[in-house]
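Engineer: Just so it is clear, I am handing over run.tsv, which has TSV, C-alpha atoms.
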chain	number	residue	atom	x	y	z
Z	1	MET	CA	-134.92	249.37	93.65
Z	2	ASP	CA	-134.30	248.24	90.11
Z	3	LYS	CA	-136.89	249.55	87.69
Z	4	MET	CA	-139.23	246.86	86.36
Z	5	SER	CA	-138.20	246.21	82.80
Z	6	PHE	CA	-140.15	244.61	79.97
Z	7	ASN	CA	-137.30	244.76	77.50
Z	8	GLY	CA	-137.62	242.00	74.92
Z	9	ARG	CA	-141.18	241.18	75.97
Z	10	VAL	CA	-144.20	241.20	73.67
Z	11	ALA	CA	-147.59	242.20	75.04
Z	12	ILE	CA	-151.18	242.24	73.85
Z	13	VAL	CA	-153.58	244.66	75.53
Z	14	THR	CA	-157.26	244.45	74.65
Z	15	GLY	CA	-159.61	247.39	74.92
Z	16	ALA	CA	-156.56	249.63	74.76
Z	17	GLY	CA	-157.87	252.46	72.60
Z	18	GLY	CA	-158.65	254.60	75.62
Z	19	GLY	CA	-159.04	254.70	79.37
Z	20	LEU	CA	-157.30	252.07	81.45
Z	21	GLY	CA	-156.24	249.91	78.50
Z	22	ARG	CA	-154.48	252.84	76.87
Z	23	GLN	CA	-152.54	253.50	80.07
Z	24	HIS	CA	-151.58	249.81	80.29
Z	25	ALA	CA	-150.28	249.84	76.72
Z	26	LEU	CA	-148.34	253.08	77.19
Z	27	ALA	CA	-146.76	251.86	80.43
Z	28	LEU	CA	-145.69	248.51	79.01
Z	29	ALA	CA	-144.18	250.20	75.96
Z	30	ALA	CA	-142.43	252.80	78.10
Z	31	ARG	CA	-140.71	249.96	79.96
Z	32	GLY	CA	-139.50	248.25	76.80
Z	33	ALA	CA	-142.29	245.94	75.65
Z	34	ARG	CA	-143.48	245.69	72.07
Z	35	VAL	CA	-147.23	246.12	72.28
Z	36	LEU	CA	-150.18	245.13	70.16
Z	37	VAL	CA	-152.92	247.65	70.92
Z	38	ASN	CA	-156.35	246.13	70.41
Z	39	ASP	CA	-159.59	248.10	70.37
Z	40	LEU	CA	-162.86	247.43	68.59
Z	41	GLY	CA	-162.71	248.81	65.06
Z	42	ASP	CA	-164.78	248.87	61.89
Z	43	SER	CA	-165.94	245.93	59.79
Z	44	ALA	CA	-162.54	245.84	58.09
Z	45	GLY	CA	-160.75	245.57	61.43
Z	46	HIS	CA	-159.34	249.09	61.45
Z	47	SER	CA	-159.44	250.87	64.81
Z	48	ALA	CA	-158.71	254.59	64.81
Z	49	ALA	CA	-158.54	254.57	68.62
Z	50	ALA	CA	-155.97	251.76	68.67
Z	51	GLN	CA	-153.95	253.38	65.91
Z	52	LYS	CA	-153.81	256.64	67.85
Z	53	VAL	CA	-152.31	254.85	70.86
Z	54	VAL	CA	-149.83	253.10	68.58
Z	55	GLU	CA	-148.74	256.48	67.26
Z	56	GLU	CA	-148.30	257.75	70.83
Z	57	ILE	CA	-146.06	254.80	71.61
Z	58	GLN	CA	-144.07	255.22	68.42
Z	59	ALA	CA	-143.64	258.96	69.02
Z	60	ALA	CA	-142.10	258.10	72.39
Z	61	GLY	CA	-139.65	255.72	70.72
Z	62	GLY	CA	-141.54	252.49	71.38
Z	63	GLU	CA	-142.70	249.72	69.08
Z	64	ALA	CA	-146.39	248.94	68.63
Z	65	MET	CA	-149.06	247.94	66.17
Z	66	ALA	CA	-152.84	248.16	66.11
Z	67	ASN	CA	-155.62	245.62	65.79
Z	68	GLY	CA	-159.35	246.29	65.62
Z	69	CYS	CA	-160.88	242.84	66.08
Z	70	SER	CA	-163.70	242.10	68.49
Z	71	VAL	CA	-162.63	239.84	71.34
Z	72	THR	CA	-166.00	238.09	70.96
Z	73	ASP	CA	-164.83	236.67	67.60
Z	74	PHE	CA	-162.47	233.76	68.30
Z	75	VAL	CA	-161.33	233.41	64.68
Z	76	ALA	CA	-160.46	237.11	64.57
Z	77	VAL	CA	-158.66	236.83	67.90
Z	78	GLN	CA	-156.61	233.93	66.59
Z	79	ALA	CA	-155.67	236.08	63.58
Z	80	MET	CA	-154.65	238.88	65.95
Z	81	VAL	CA	-152.33	236.56	67.85
Z	82	GLN	CA	-150.92	235.30	64.56
Z	83	GLN	CA	-150.30	238.93	63.57
Z	84	VAL	CA	-148.19	239.34	66.69
Z	85	GLN	CA	-146.37	236.07	66.19
Z	86	ASP	CA	-145.58	236.90	62.56
Z	87	ALA	CA	-144.19	240.29	63.51
Z	88	TRP	CA	-142.42	239.57	66.78
Z	89	GLY	CA	-142.22	235.80	67.14
Z	90	ARG	CA	-143.77	235.39	70.59
Z	91	VAL	CA	-146.37	236.60	73.10
Z	92	ASP	CA	-145.20	237.10	76.67
Z	93	VAL	CA	-147.97	239.18	78.21
Z	94	LEU	CA	-151.73	239.27	77.72
Z	95	ILE	CA	-153.80	241.95	79.43
Z	96	ASN	CA	-157.49	241.03	79.14
Z	97	ASN	CA	-158.94	244.50	79.57
Z	98	ALA	CA	-161.73	244.83	76.98
Z	99	GLY	CA	-165.17	245.39	78.45
Z	100	ILE	CA	-168.56	247.05	78.25
Z	101	LEU	CA	-171.34	248.04	80.63
Z	102	ARG	CA	-175.07	247.44	80.34
Z	103	ASP	CA	-176.17	248.48	83.83
Z	104	LYS	CA	-179.74	247.91	85.00
Z	105	SER	CA	-181.35	246.33	88.01
Z	106	PHE	CA	-181.90	242.61	87.48
Z	107	ALA	CA	-185.65	243.10	87.26
Z	108	LYS	CA	-185.23	245.46	84.30
Z	109	LEU	CA	-182.25	243.78	82.68
Z	110	GLU	CA	-182.83	242.09	79.33
Z	111	VAL	CA	-181.33	238.63	78.92
Z	112	ASP	CA	-179.62	239.78	75.71
Z	113	ASP	CA	-177.75	242.48	77.65
Z	114	PHE	CA	-176.74	239.91	80.26
Z	115	ARG	CA	-175.41	237.63	77.54
Z	116	LEU	CA	-173.58	240.44	75.71
Z	117	VAL	CA	-171.67	241.48	78.82
Z	118	LEU	CA	-170.67	237.87	79.43
Z	119	GLU	CA	-169.57	237.54	75.79
Z	120	VAL	CA	-167.28	240.57	75.95
Z	121	HIS	CA	-165.79	240.22	79.42
Z	122	LEU	CA	-165.73	236.48	80.00
Z	123	MET	CA	-165.67	234.91	76.55
Z	124	GLY	CA	-163.46	237.71	75.24
Z	125	ALA	CA	-160.88	236.81	77.87
Z	126	VAL	CA	-161.35	233.11	77.14
Z	127	HIS	CA	-160.80	233.67	73.41
Z	128	CYS	CA	-157.65	235.73	73.89
Z	129	THR	CA	-156.23	233.40	76.53
Z	130	LYS	CA	-157.00	230.31	74.48
Z	131	ALA	CA	-155.28	231.85	71.45
Z	132	VAL	CA	-152.03	232.68	73.31
Z	133	TRP	CA	-151.93	229.57	75.51
Z	134	PRO	CA	-150.17	227.27	72.99
Z	135	LEU	CA	-147.49	229.91	72.36
Z	136	MET	CA	-146.89	230.49	76.04
Z	137	THR	CA	-146.79	226.75	76.66
Z	138	ALA	CA	-144.23	226.21	73.89
Z	139	GLN	CA	-141.98	229.04	75.07
Z	140	LYS	CA	-142.53	228.03	78.73
Z	141	TYR	CA	-143.30	231.57	79.74
Z	142	GLY	CA	-146.42	233.70	79.99
Z	143	ARG	CA	-148.08	236.35	82.08
Z	144	ILE	CA	-151.86	236.78	81.84
Z	145	VAL	CA	-153.84	239.43	83.67
Z	146	MET	CA	-157.63	239.15	83.90
Z	147	THR	CA	-159.52	242.33	84.68
Z	148	THR	CA	-162.01	241.51	87.42
Z	149	SER	CA	-163.96	244.04	89.49
Z	150	SER	CA	-165.15	244.79	92.99
Z	151	SER	CA	-168.64	244.40	91.49
Z	152	GLY	CA	-167.84	240.74	90.89
Z	153	LEU	CA	-165.95	240.16	94.12
Z	154	TYR	CA	-168.43	241.91	96.40
Z	155	GLY	CA	-171.52	242.83	94.35
Z	156	ASN	CA	-172.94	246.16	93.19
Z	157	PHE	CA	-176.52	247.26	92.60
Z	158	GLY	CA	-177.49	247.28	88.94
Z	159	GLN	CA	-174.54	245.18	87.79
Z	160	ALA	CA	-175.70	241.56	87.95
Z	161	ASN	CA	-174.44	240.90	84.42
Z	162	TYR	CA	-171.14	242.71	84.90
Z	163	GLY	CA	-170.57	241.22	88.36
Z	164	ALA	CA	-171.28	237.69	87.14
Z	165	ALA	CA	-168.81	238.09	84.27
Z	166	LYS	CA	-166.14	239.59	86.48
Z	167	MET	CA	-166.39	236.91	89.14
Z	168	ALA	CA	-166.29	234.26	86.43
Z	169	LEU	CA	-162.90	235.67	85.43
Z	170	VAL	CA	-161.65	234.97	88.95
Z	171	GLY	CA	-162.74	231.36	88.58
Z	172	LEU	CA	-160.99	231.18	85.23
Z	173	MET	CA	-157.82	232.59	86.78
Z	174	GLN	CA	-157.95	230.11	89.67
Z	175	THR	CA	-157.82	227.10	87.37
Z	176	LEU	CA	-155.51	228.49	84.68
Z	177	SER	CA	-152.97	229.52	87.32
Z	178	ILE	CA	-152.81	225.89	88.42
Z	179	GLU	CA	-152.70	224.43	84.89
Z	180	GLY	CA	-150.12	226.92	83.65
Z	181	ALA	CA	-147.70	226.76	86.56
Z	182	LYS	CA	-145.59	223.92	85.16
Z	183	ASN	CA	-144.82	226.05	82.09
Z	184	ASP	CA	-144.25	229.28	84.05
Z	185	ILE	CA	-147.53	230.75	82.83
Z	186	ARG	CA	-148.71	232.92	85.71
Z	187	VAL	CA	-152.30	234.10	85.74
Z	188	ASN	CA	-153.57	236.86	88.00
Z	189	CYS	CA	-156.51	239.22	88.41
Z	190	LEU	CA	-156.59	243.00	88.59
Z	191	ALA	CA	-159.60	244.70	90.19
Z	192	PRO	CA	-159.29	248.36	89.15
Z	193	THR	CA	-161.16	251.42	90.33
Z	194	ALA	CA	-160.61	254.09	87.72
Z	195	ALA	CA	-162.41	256.97	86.07
Z	196	THR	CA	-162.98	255.95	82.46
Z	197	ALA	CA	-165.76	256.23	79.91
Z	198	MET	CA	-167.31	253.17	81.59
Z	199	THR	CA	-167.48	254.89	85.00
Z	200	GLU	CA	-168.49	258.38	83.89
Z	201	GLY	CA	-171.40	259.62	85.97
Z	202	LEU	CA	-170.98	256.98	88.66
Z	203	PHE	CA	-168.87	259.15	91.01
Z	204	PRO	CA	-168.66	262.85	92.00
Z	205	GLN	CA	-166.07	264.83	90.05
Z	206	ALA	CA	-163.81	265.27	93.08
Z	207	MET	CA	-163.56	261.49	93.37
Z	208	LEU	CA	-163.08	261.03	89.65
Z	209	ASP	CA	-160.09	263.37	89.80
Z	210	LEU	CA	-158.42	260.96	92.24
Z	211	LEU	CA	-159.36	257.86	90.25
Z	212	LYS	CA	-157.03	258.40	87.35
Z	213	PRO	CA	-156.40	255.26	85.26
Z	214	GLU	CA	-152.68	255.86	85.63
Z	215	ALA	CA	-153.00	255.08	89.36
Z	216	VAL	CA	-154.03	251.49	88.57
Z	217	VAL	CA	-151.15	250.75	86.19
Z	218	PRO	CA	-148.53	249.83	88.83
Z	219	ALA	CA	-150.62	246.83	89.89
Z	220	MET	CA	-150.88	245.67	86.28
Z	221	LEU	CA	-147.11	245.95	85.83
Z	222	VAL	CA	-146.48	243.88	88.96
Z	223	LEU	CA	-148.91	241.18	87.80
Z	224	ALA	CA	-147.49	241.12	84.26
Z	225	HIS	CA	-143.77	241.25	85.07
Z	226	GLU	CA	-141.42	238.26	85.00
Z	227	SER	CA	-141.35	238.47	88.83
Z	228	ALA	CA	-145.15	238.31	89.02
Z	229	PRO	CA	-146.96	236.22	91.61
Z	230	ASN	CA	-149.39	233.52	90.53
Z	231	ARG	CA	-153.10	233.29	91.40
Z	232	THR	CA	-153.28	236.73	93.01
Z	233	ILE	CA	-156.14	239.24	93.03
Z	234	LEU	CA	-154.96	242.83	93.40
Z	235	GLY	CA	-157.29	245.76	93.91
Z	236	ALA	CA	-156.01	249.15	92.79
Z	237	GLY	CA	-157.40	252.67	92.69
Z	238	ALA	CA	-156.39	256.25	93.49
Z	239	GLY	CA	-152.86	255.06	94.28
Z	240	ALA	CA	-154.03	252.55	96.93
Z	241	PHE	CA	-153.61	248.79	96.64
Z	242	ALA	CA	-155.02	245.72	98.41
Z	243	ALA	CA	-155.24	241.97	97.88
Z	244	ALA	CA	-158.51	240.04	97.79
Z	245	HIS	CA	-158.82	236.36	98.68
Z	246	ILE	CA	-161.34	233.57	98.19
Z	247	ALA	CA	-161.04	232.06	101.65
Z	248	MET	CA	-162.50	229.07	103.50
Z	249	THR	CA	-163.25	228.94	107.23
Z	250	PRO	CA	-162.23	225.93	109.35
Z	251	GLY	CA	-165.70	224.40	109.29
Z	252	VAL	CA	-167.56	222.19	111.71
Z	253	TYR	CA	-168.63	218.54	111.59
Z	254	LEU	CA	-172.36	217.98	112.16
Z	255	GLY	CA	-172.90	214.55	110.63
Z	256	VAL	CA	-175.96	213.42	108.69
Z	257	GLY	CA	-178.69	213.27	111.34
Z	258	GLY	CA	-182.22	214.48	110.90
Z	259	ASP	CA	-181.62	217.65	112.94
Z	260	VAL	CA	-178.49	218.73	111.03
Z	261	PRO	CA	-180.33	221.57	109.20
Z	262	GLU	CA	-181.32	223.07	112.57
Z	263	GLN	CA	-177.82	222.63	113.95
Z	264	LEU	CA	-176.29	224.18	110.86
Z	265	ALA	CA	-178.57	227.21	111.12
Z	266	GLN	CA	-177.29	227.75	114.67
Z	267	HIS	CA	-173.67	227.51	113.51
Z	268	LEU	CA	-173.95	229.91	110.55
Z	269	ALA	CA	-172.78	232.98	112.42
Z	270	ALA	CA	-169.69	231.19	113.72
Z	271	LEU	CA	-168.96	229.67	110.32
Z	272	GLY	CA	-169.12	233.13	108.77
Z	273	THR	CA	-166.28	234.58	110.83
Z	274	LEU	CA	-162.82	234.64	109.30
Z	275	ASP	CA	-161.06	233.33	112.39
Z	276	GLY	CA	-158.75	230.56	111.24
Z	277	ALA	CA	-159.72	231.01	107.60
Z	278	MET	CA	-157.32	229.84	104.91
Z	279	VAL	CA	-156.91	230.36	101.18
Z	280	PRO	CA	-157.29	226.94	99.51
Z	281	GLY	CA	-154.60	225.88	97.08
Z	282	SER	CA	-157.27	224.40	94.82
Z	283	GLY	CA	-160.89	223.29	94.89
Z	284	ALA	CA	-159.80	219.91	96.23
Z	285	ASP	CA	-159.00	221.54	99.57
Z	286	GLN	CA	-162.70	221.92	100.39
Z	287	GLY	CA	-163.34	218.20	100.06
Z	288	ARG	CA	-160.12	217.45	101.90
Z	289	GLN	CA	-161.20	219.61	104.85
Z	290	GLU	CA	-164.67	218.05	104.93
Z	291	LEU	CA	-163.25	214.51	104.94
Z	292	THR	CA	-160.71	215.43	107.60
Z	293	LEU	CA	-163.46	216.70	109.92
Z	294	ALA	CA	-165.60	213.65	109.28
Z	295	MET	CA	-162.76	211.18	109.75
Z	296	ALA	CA	-161.65	212.88	112.97
Z	297	LYS	CA	-165.17	212.56	114.35
Z	298	ALA	CA	-165.27	208.90	113.34
Z	299	GLY	CA	-161.84	208.28	114.80
Z	300	VAL	CA	-160.50	207.06	111.46
Can I see the file as structure tokens?
Structural biologist:
Amino acid sequence: MDKMSFNGRVAIVTGAGGGLGRQHALALAARGARVLVNDLGDSAGHSAAAQKVVEEIQAAGGEAMANGCSVTDFVAVQAMVQQVQDAWGRVDVLINNAGILRDKSFAKLEVDDFRLVLEVHLMGAVHCTKAVWPLMTAQKYGRIVMTTSSSGLYGNFGQANYGAAKMALVGLMQTLSIEGAKNDIRVNCLAPTAATAMTEGLFPQAMLDLLKPEAVVPAMLVLAHESAPNRTILGAGAGAFAAAHIAMTPGVYLGVGGDVPEQLAQHLAALGTLDGAMVPGSGADQGRQELTLAMAKAGV
């Protein structure tokens, strides 16, 4: 197999001063990309963590620069993208990786901590994507990777804020992948399981040893490469990979009679099975299926 190359490509990786983001930045650079390494810095925008990763890349013969802006600051994010454009003329790849945790059960969770997690994960990705979108549209090429999570896809105790933000990124990806397709902007989601500062203490050490961030990187490279799919959710951890899908079952027509709630309750178990399920091409497919069932019953 030919090695996946990123020669000539320009990438931005947020939250790349350590953990998974650092591994993403190093891997992209190792395969030829010029990389802007973003990680939250001081009030002047200097990030020692980001600069350290830049120096690692440069020591290995790669090209990189650092940025310390907060992804919650749209003006600063726009300046970061301009920094890349001024230096390298384009942006081909955006890895929305920046994130934080504020884990508590919903009963104990403060609304401010819910909002902060949404600001960093969801709005941070929105800001970065919005800032690169015009460039990718003009050059008719772009690869954007949202970092979702199994906590968003399937739920996890104590992570209502994190799960809500991560599932929102899937919804963002679903629509942007449709809107960007005509300009070859492909948008995908990565659901990583990795031992980082964010997951410290959540798993036994023997498991953490298997969950190296490096084991997630291949999925990122596939989703960010010129051969990437579009509108795909890949799970990755410990060297194992799987795809997740937002699916819809075939459904049943029950009409609008007074006893429909009772009938529907009896059908719930059958409706919940995945037999005959399909992955809709867009949200319109739900309405299309509902109308098809209704029209078939009416003989239209």
Engineer: Determine, counting all atoms listed in the file, every residue of protein, DNA or RNA that lies within 12 Å of (-145.6, 255.3, 82.0) in the file coordinates, then give the result as a ChimeraX atom specification.
Structural biologist: /Z:3-5,22-33,56-57,60,62,213-218,220-221
Engineer: Can you work out which one of Z:Gly235, Z:Gly251, Z:Gly201, Z:Gly152 has the shortest atom-to-atom distance to Arg288 of chain Z, counting only C-alpha atoms?
Structural biologist: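 Of the candidates, the smallest distance to Arg288 of chain Z is held by Z:Gly251.
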Engineer: What's around segment 8-15 of chain Z at 7 Å? Count only C-alpha atoms, leave out sequence neighbours fewer than 5 positions away in its own chain, and write the answer as a list in words.
Structural biologist: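 Within the cut-off, the hits are Gly21, Ala25, Gly32, Ala33, Arg34, Val35, Leu36, Val37, Asn38, Asp39, Arg90, Val91, Asp92, Val93, Leu94, Ile95, Asn96, Asn97, Ala98 and Gly99 of chain Z.
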Engineer: Please return, as number ranges by chain, all polymer residues that have at least one atom within 10 Å of the point (-164.8, 233.8, 83.3); use all atoms listed in the file and the file's own coordinate frame.
Structural biologist: Z: 118-119, 121-126, 146, 148, 164-173
Engineer: Using all atoms listed in the file, pick whichever of Z:Leu202, Z:Met65, Z:Ala240, Z:Asn230 has the shortest atom-to-atom distance to Ile178 of chain Z.
Structural biologist: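 Under the stated criterion, the closest residue is Z:Asn230.
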Engineer: Can you tell me, as an NGL selection string, what residues are no more than 10 Å from Leu271 of chain Z when counting only C-alpha atoms, ignoring any on the same chain fewer than 6 positions away?
Structural biologist: :Z and (248-252 or 264-265 or 277)
Engineer: Go ahead and compute the interatomic distance for atom CA of Cys189 of chain Z and atom CA of Ser177 of chain Z, in Å to one decimal.
Structural biologist: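 These two atoms are separated by 10.4 Å.
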Engineer: Could you jot down the atom CA of Gln51 of chain Z to atom CA of Leu211 of chain Z separation for me, Å, one decimal place?
Structural biologist: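 Between atom CA of Gln51 of chain Z and atom CA of Leu211 of chain Z the gap works out to 25.3 Å.
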Engineer: For Ser282 of chain Z, which residue among Z:Thr175, Z:Gln78, Z:Gln159, Z:Gln83 is the nearest when counting only C-alpha atoms?
Structural biologist: Z:Thr175
Engineer: When you count only C-alpha atoms, which of these residues is closest to Ala242 of chain Z: Z:Leu190, Z:Leu210, Z:Val145, Z:Val260?
Structural biologist: Z:Leu190
Engineer: Quick one: pull the distance between atom CA of Ala236 of chain Z and atom CA of Phe203 of chain Z, Å, one decimal.
Structural biologist: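 It comes out at 16.4 Å.
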Engineer: Pick out the closest residue to Ala191 of chain Z from this set: Z:Arg115, Z:His127, Z:Lys52, Z:His245. Count all atoms listed in the file.
Structural biologist: Z:His245
Engineer: Choose the residue, out of Z:Pro229, Z:Gly158, Z:Gly142, Z:Gly61, that has the smallest atom-to-atom separation from Ala107 of chain Z; count only C-alpha atoms.
Structural biologist: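 The closest residue to Ala107 of chain Z is Z:Gly158.
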